[in-house]
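This report refers to the structure that appears directly beneath it.
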Amino acid sequence: MNIVYTWLSYYPPEIWRTDILKISNEAQKSNNVIVITKRLKWEKKVEKISDNLTIYRLFSFWLNSILDDIFYSFYVPFFIFFKNIKVDIFHIYNPFYFWFIINILLKLLFIKSKIIFDIRTWPLKKWYKKVLNYILINLAHITSTKTIIISNNLLKHFFYVQKSKVHEISLWFDNNYENITKEINNEEWKKYIYIWSIYKRRNIDLMLKIFTKYFNEYNKDLLYILWWWDEEYVNNLKTEYKLKNIIFLWQVNQDNVWDYLLKSDYWVAYIPQVEYFMDQPPLKTIEYLWYWLPTIWTNTNWNKVFINESNWVLSDDWIDSFYDWLLKFRKKFEKWYSSKQITETIKKYSWENIFNEIYNNIYN
């Protein structure tokens with residue numbers, strides 16, 4: 001099968017956007033795969049990753065602009081047409097704005113392929129842009145062969161739903177790390193770690209207020225924050241929270257992330273309980289559970305699918321609740337660290353299993 005993936009970013013992707021890397025690697029094991037992305041000036045236009053995986057990087061005039069969307073919506077179909085690329089499956093990953101144009105142009109150019117429209121998140125914009133996004137995403141859904149959504153809760157945003165072609169593929173995780181072992185530090189002081197892309201809507205300032213209160217109780221403990229987003233916002237946080245207990249680490253290389261994680265005692269998976277995140281399946285939950293790592297989570301709808309107070313720590317996001325759970329977790333951690341069997345319930349979310357589901361139920 002000939003599969004083409006495209007998205008409005010780069011390859012290899014940034015550390016917080018590895019999905020396109022993982023799914024293309026799984027697909028190329030038994031298919032001919034092409035990935036079409038944007039190109040930075042120093043990158044190769046064409047790169048052969050393996051016998052079955054080729055990357056085409058297209059020039060970008062307007063980096064991170066809506067003009068990119070419009071430009072690529074016209075450029076990609078004609079690029080496929082004039083390159084005479086054979087396409088059985090055309091998988092558009094995490095598209096917004098005018099990407100429905102791709103669907104229409106592919107058909108007008110007589111490129112016969114299944115068009116998969118894959119929504120991994122939902123737009124957060126000012127009201128007029130949000131309305132525009134809703135309209136355009138609905139147009140893409142109508143003109144595509146299949147639509148993948150990260151959560152069925154997103155269906156409430158569709159004006160017209162063709163349920164027969166909608167598939168929920170919530171999340172996936174990399175279960176290929178071997179010899180992951182986590183030993184608890186016997187010292188009096190402990191290290192927490194928070195790793196995520198950081199921007200304002202994640203309410204990180206609220207999490208820092210919670211830890212500021214916590215450090216009054218345990219003033220030798222540390223919180224490491226690994227981040228890859230919105231440098232200005234984080235610099236403001238660093239200025240506001242001048243605490244020796246909080247250490248910000250900017251753009252840690254992906255190969256080194258596990259070193260930091262395994263040297264920490266406890267992991268923090270703080271997700272604000274707001275509309276956008278309540279129904280957003282969190283990848284970190286699956287990863288942390290799979291590797292049986294001591295973590296405190298917030299009480300979102302998707303976290304509750306896997307976690308309850310009998311097998312792990314699930315807290316509300318407001319200060320007193322999360323603070324109280326931090327103290328309980330710190331003092332009686334072993335109570336929640338005896339639930340390795342929970343990993344059995346999440347095996348189906350591995351990259352291999354998820355790709356098999358996509359391949360068998362959506363591509364075929």
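Note on naming: chains are A, B, ... as they come in the structure tokens, residues start from 1 per chain, ligands start from 1 in the order shown.
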Which of range 50-225 of chain A DSSP labels alpha helix (DSSP H), written as a VMD selection string: chain A and resid 66 to 82 100 to 108 127 to 143 204 to 217
Polymer residues at most 6 Å from range 205-212 of chain A, only C-alpha atoms, same-chain spacing of 3 or more positions, as a list in words: Phe215, Ile319 and Tyr323 of chain A
Let's have the selection written as a PDB file, in the first residue's frame, with N, CA and C atoms.
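The resulting file, result-v6.pdb, is shown below:
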ATOM      1  N   PHE A 215       6.697  23.753  49.140  1.00  0.00           N
ATOM      2  CA  PHE A 215       8.096  23.896  49.531  1.00  0.00           C
ATOM      3  C   PHE A 215       8.258  24.550  50.902  1.00  0.00           C
ATOM      4  N   ILE A 319      -5.744  24.711  44.291  1.00  0.00           N
ATOM      5  CA  ILE A 319      -4.538  24.710  45.116  1.00  0.00           C
ATOM      6  C   ILE A 319      -4.639  23.779  46.318  1.00  0.00           C
ATOM      7  N   TYR A 323      -2.394  20.392  46.678  1.00  0.00           N
ATOM      8  CA  TYR A 323      -1.418  20.488  47.769  1.00  0.00           C
ATOM      9  C   TYR A 323      -1.618  19.353  48.773  1.00  0.00           C
TER      10      TYR A 323
END
Tell me, as a PDB file with N, CA and C atoms, in the first residue's frame, which residues lie within 8 Å of Trp250 in chain A, counting only C-alpha atoms; anything in the same chain fewer than 2 positions away does not count.
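Result file follows (around03.pdb):
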ATOM      1  N   LEU A 226      10.771  20.518  32.546  1.00  0.00           N
ATOM      2  CA  LEU A 226      11.319  20.397  31.199  1.00  0.00           C
ATOM      3  C   LEU A 226      10.286  20.961  30.238  1.00  0.00           C
ATOM      4  N   TRP A 227      10.694  21.884  29.398  1.00  0.00           N
ATOM      5  CA  TRP A 227       9.693  22.574  28.577  1.00  0.00           C
ATOM      6  C   TRP A 227      10.255  22.934  27.217  1.00  0.00           C
ATOM      7  N   TRP A 228       9.301  23.159  26.271  1.00  0.00           N
ATOM      8  CA  TRP A 228       9.661  23.408  24.871  1.00  0.00           C
ATOM      9  C   TRP A 228       8.755  24.452  24.202  1.00  0.00           C
ATOM     10  N   PHE A 248      14.141  25.213  35.889  1.00  0.00           N
ATOM     11  CA  PHE A 248      13.619  25.163  34.528  1.00  0.00           C
ATOM     12  C   PHE A 248      14.708  24.667  33.585  1.00  0.00           C
ATOM     13  N   VAL A 252      15.335  20.253  26.412  1.00  0.00           N
ATOM     14  CA  VAL A 252      16.188  19.084  26.637  1.00  0.00           C
ATOM     15  C   VAL A 252      16.082  18.155  25.439  1.00  0.00           C
TER      16      VAL A 252
END
Polymer residues at most 12 Å from Ser30 in chain A, only C-alpha atoms, same-chain spacing of 4 or more positions, as a PyMOL selection string: chain A and resi 1-3+24-26+50-53+355-356+359
Write a file of the selected residues as an mmCIF file, in the first residue's frame, keeping C-alpha atoms.
data_model
loop_
_atom_site.group_PDB
_atom_site.id
_atom_site.type_symbol
_atom_site.label_atom_id
_atom_site.label_comp_id
_atom_site.auth_asym_id
_atom_site.auth_seq_id
_atom_site.Cartn_x
_atom_site.Cartn_y
_atom_site.Cartn_z
ATOM 1 C CA MET A 1 0.000 0.000 0.000
ATOM 2 C CA ASN A 2 1.227 3.530 -0.813
ATOM 3 C CA ILE A 3 0.625 5.904 2.095
ATOM 4 C CA SER A 24 5.250 6.791 9.634
ATOM 5 C CA ASN A 25 7.824 4.454 11.171
ATOM 6 C CA GLU A 26 5.130 1.882 11.936
ATOM 7 C CA SER A 50 14.718 3.729 4.521
ATOM 8 C CA ASP A 51 13.754 1.673 1.484
ATOM 9 C CA ASN A 52 10.090 2.287 2.337
ATOM 10 C CA LEU A 53 10.179 5.799 3.827
ATOM 11 C CA PHE A 355 -1.422 1.528 13.917
ATOM 12 C CA ASN A 356 -2.871 -1.940 13.344
ATOM 13 C CA TYR A 359 -4.594 0.093 9.098
#
Exercise: Trp172 in chain A partners within 9 Å, only C-alpha atoms, chain neighbours under 4 positions left out, as a ChimeraX atom specification: /A:19,283,286-287,348-354
Non-local contacts of range 148-163 of chain A (6 Å; only C-alpha atoms; under 4 positions in same chain excluded) as number ranges by chain: A: 118-120, 138, 167-170
Which of A:Thr295, A:Asn31, A:Ser315, A:Thr147 sits closest to Arg330 in chain A [using only C-alpha atoms]: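 For Arg330 in chain A, the nearest of the candidates is A:Thr295.
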Residue nearest Pro272 in chain A among A:Asp221, A:Asp316, A:Glu231, A:Glu240 (counting only C-alpha atoms): A:Asp316
Every residue of range 65-290 of chain A that DSSP places in strand (DSSP E), as a ChimeraX atom specification: /A:89-93,114-119,146-149,166-168,191-195,222-227,246-250,266-269
Go ahead and dump the residues you just picked, N, CA and C atoms, as a tab-separated table (two decimals), in the first residue's frame.
chain	number	residue	atom	x	y	z
A	89	ILE	N	-3.48	5.88	0.17
A	89	ILE	CA	-3.99	6.53	1.38
A	89	ILE	C	-3.32	7.89	1.52
A	90	PHE	N	-4.14	8.93	1.66
A	90	PHE	CA	-3.60	10.26	1.91
A	90	PHE	C	-4.07	10.69	3.30
A	91	HIS	N	-3.14	10.71	4.25
A	91	HIS	CA	-3.46	10.93	5.65
A	91	HIS	C	-3.00	12.33	6.05
A	92	ILE	N	-3.97	13.23	6.28
A	92	ILE	CA	-3.68	14.61	6.66
A	92	ILE	C	-3.72	14.68	8.18
A	93	TYR	N	-2.59	14.98	8.77
A	93	TYR	CA	-2.47	14.92	10.22
A	93	TYR	C	-2.66	16.29	10.87
A	114	LYS	N	-7.91	7.20	-0.73
A	114	LYS	CA	-8.70	7.47	0.45
A	114	LYS	C	-8.06	8.67	1.17
A	115	ILE	N	-8.88	9.62	1.55
A	115	ILE	CA	-8.38	10.81	2.25
A	115	ILE	C	-8.78	10.71	3.71
A	116	ILE	N	-7.77	10.64	4.58
A	116	ILE	CA	-7.98	10.51	6.01
A	116	ILE	C	-7.70	11.85	6.67
A	117	PHE	N	-8.70	12.37	7.34
A	117	PHE	CA	-8.61	13.66	8.01
A	117	PHE	C	-8.49	13.40	9.50
A	118	ASP	N	-7.33	13.70	10.09
A	118	ASP	CA	-6.99	13.25	11.45
A	118	ASP	C	-6.88	14.45	12.39
A	119	ILE	N	-7.85	14.58	13.30
A	119	ILE	CA	-7.91	15.72	14.22
A	119	ILE	C	-7.35	15.29	15.57
A	146	LYS	N	-12.49	9.33	5.41
A	146	LYS	CA	-12.62	8.96	6.82
A	146	LYS	C	-12.13	10.12	7.67
A	147	THR	N	-12.69	10.23	8.87
A	147	THR	CA	-12.24	11.24	9.82
A	147	THR	C	-11.85	10.55	11.13
A	148	ILE	N	-10.61	10.81	11.56
A	148	ILE	CA	-10.15	10.31	12.85
A	148	ILE	C	-10.21	11.46	13.85
A	149	ILE	N	-10.77	11.20	15.03
A	149	ILE	CA	-10.80	12.23	16.06
A	149	ILE	C	-10.18	11.67	17.34
A	166	VAL	N	-16.52	8.25	10.94
A	166	VAL	CA	-15.79	8.81	12.07
A	166	VAL	C	-15.23	7.68	12.94
A	167	HIS	N	-13.95	7.78	13.27
A	167	HIS	CA	-13.29	6.78	14.12
A	167	HIS	C	-12.55	7.49	15.24
A	168	GLU	N	-12.76	7.02	16.46
A	168	GLU	CA	-12.03	7.59	17.60
A	168	GLU	C	-10.72	6.82	17.79
A	191	LYS	N	12.89	14.60	44.47
A	191	LYS	CA	12.83	15.38	43.24
A	191	LYS	C	11.54	15.06	42.49
A	192	TYR	N	10.79	16.11	42.15
A	192	TYR	CA	9.62	16.00	41.29
A	192	TYR	C	10.01	16.46	39.89
A	193	ILE	N	9.27	15.98	38.91
A	193	ILE	CA	9.54	16.44	37.55
A	193	ILE	C	8.23	16.64	36.80
A	194	TYR	N	8.16	17.74	36.08
A	194	TYR	CA	7.02	18.05	35.21
A	194	TYR	C	7.57	18.23	33.81
A	195	ILE	N	7.02	17.48	32.86
A	195	ILE	CA	7.52	17.57	31.49
A	195	ILE	C	6.33	17.74	30.56
A	222	LEU	N	12.85	19.34	45.31
A	222	LEU	CA	13.06	20.09	44.08
A	222	LEU	C	11.97	19.76	43.07
A	223	LEU	N	11.69	20.72	42.20
A	223	LEU	CA	10.80	20.50	41.07
A	223	LEU	C	11.55	20.86	39.79
A	224	TYR	N	11.75	19.87	38.92
A	224	TYR	CA	12.35	20.11	37.61
A	224	TYR	C	11.23	20.29	36.59
A	225	ILE	N	11.36	21.31	35.75
A	225	ILE	CA	10.38	21.56	34.70
A	225	ILE	C	11.10	21.52	33.36
A	226	LEU	N	10.77	20.52	32.55
A	226	LEU	CA	11.32	20.40	31.20
A	226	LEU	C	10.29	20.96	30.24
A	227	TRP	N	10.69	21.88	29.40
A	227	TRP	CA	9.69	22.57	28.58
A	227	TRP	C	10.26	22.93	27.22
A	246	ILE	N	12.77	25.34	42.30
A	246	ILE	CA	12.20	25.12	40.96
A	246	ILE	C	13.29	25.34	39.92
A	247	ILE	N	13.55	24.32	39.12
A	247	ILE	CA	14.62	24.37	38.12
A	247	ILE	C	14.01	24.19	36.74
A	248	PHE	N	14.14	25.21	35.89
A	248	PHE	CA	13.62	25.16	34.53
A	248	PHE	C	14.71	24.67	33.58
A	249	LEU	N	14.38	23.69	32.76
A	249	LEU	CA	15.32	23.13	31.79
A	249	LEU	C	14.74	23.30	30.39
A	250	TRP	N	15.38	24.11	29.58
A	250	TRP	CA	14.85	24.51	28.28
A	250	TRP	C	15.30	23.56	27.18
A	266	TYR	N	9.41	11.49	41.86
A	266	TYR	CA	7.99	11.53	41.58
A	266	TYR	C	7.73	12.36	40.33
A	267	TRP	N	6.70	11.99	39.60
A	267	TRP	CA	6.34	12.70	38.38
A	267	TRP	C	5.03	13.45	38.61
A	268	VAL	N	4.94	14.62	37.98
A	268	VAL	CA	3.75	15.44	38.10
A	268	VAL	C	3.08	15.54	36.73
A	269	ALA	N	1.84	15.10	36.64
A	269	ALA	CA	1.07	15.19	35.39
A	269	ALA	C	-0.08	16.15	35.62
Distance of CA of Lys29 in chain A from CA of Arg57 in chain A, expressed in Å to one decimal place: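 Taking CA of Arg57 in chain A as the start and CA of Lys29 in chain A as the end point, the length is 21.5 Å.
Between CA of Ile36 in chain A and CA of Tyr5 in chain A lies a distance of 6.2 Å.
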Interatomic distance (Å, one decimal) between CA of Asp320 in chain A and CA of Trp292 in chain A: 26.3 Å
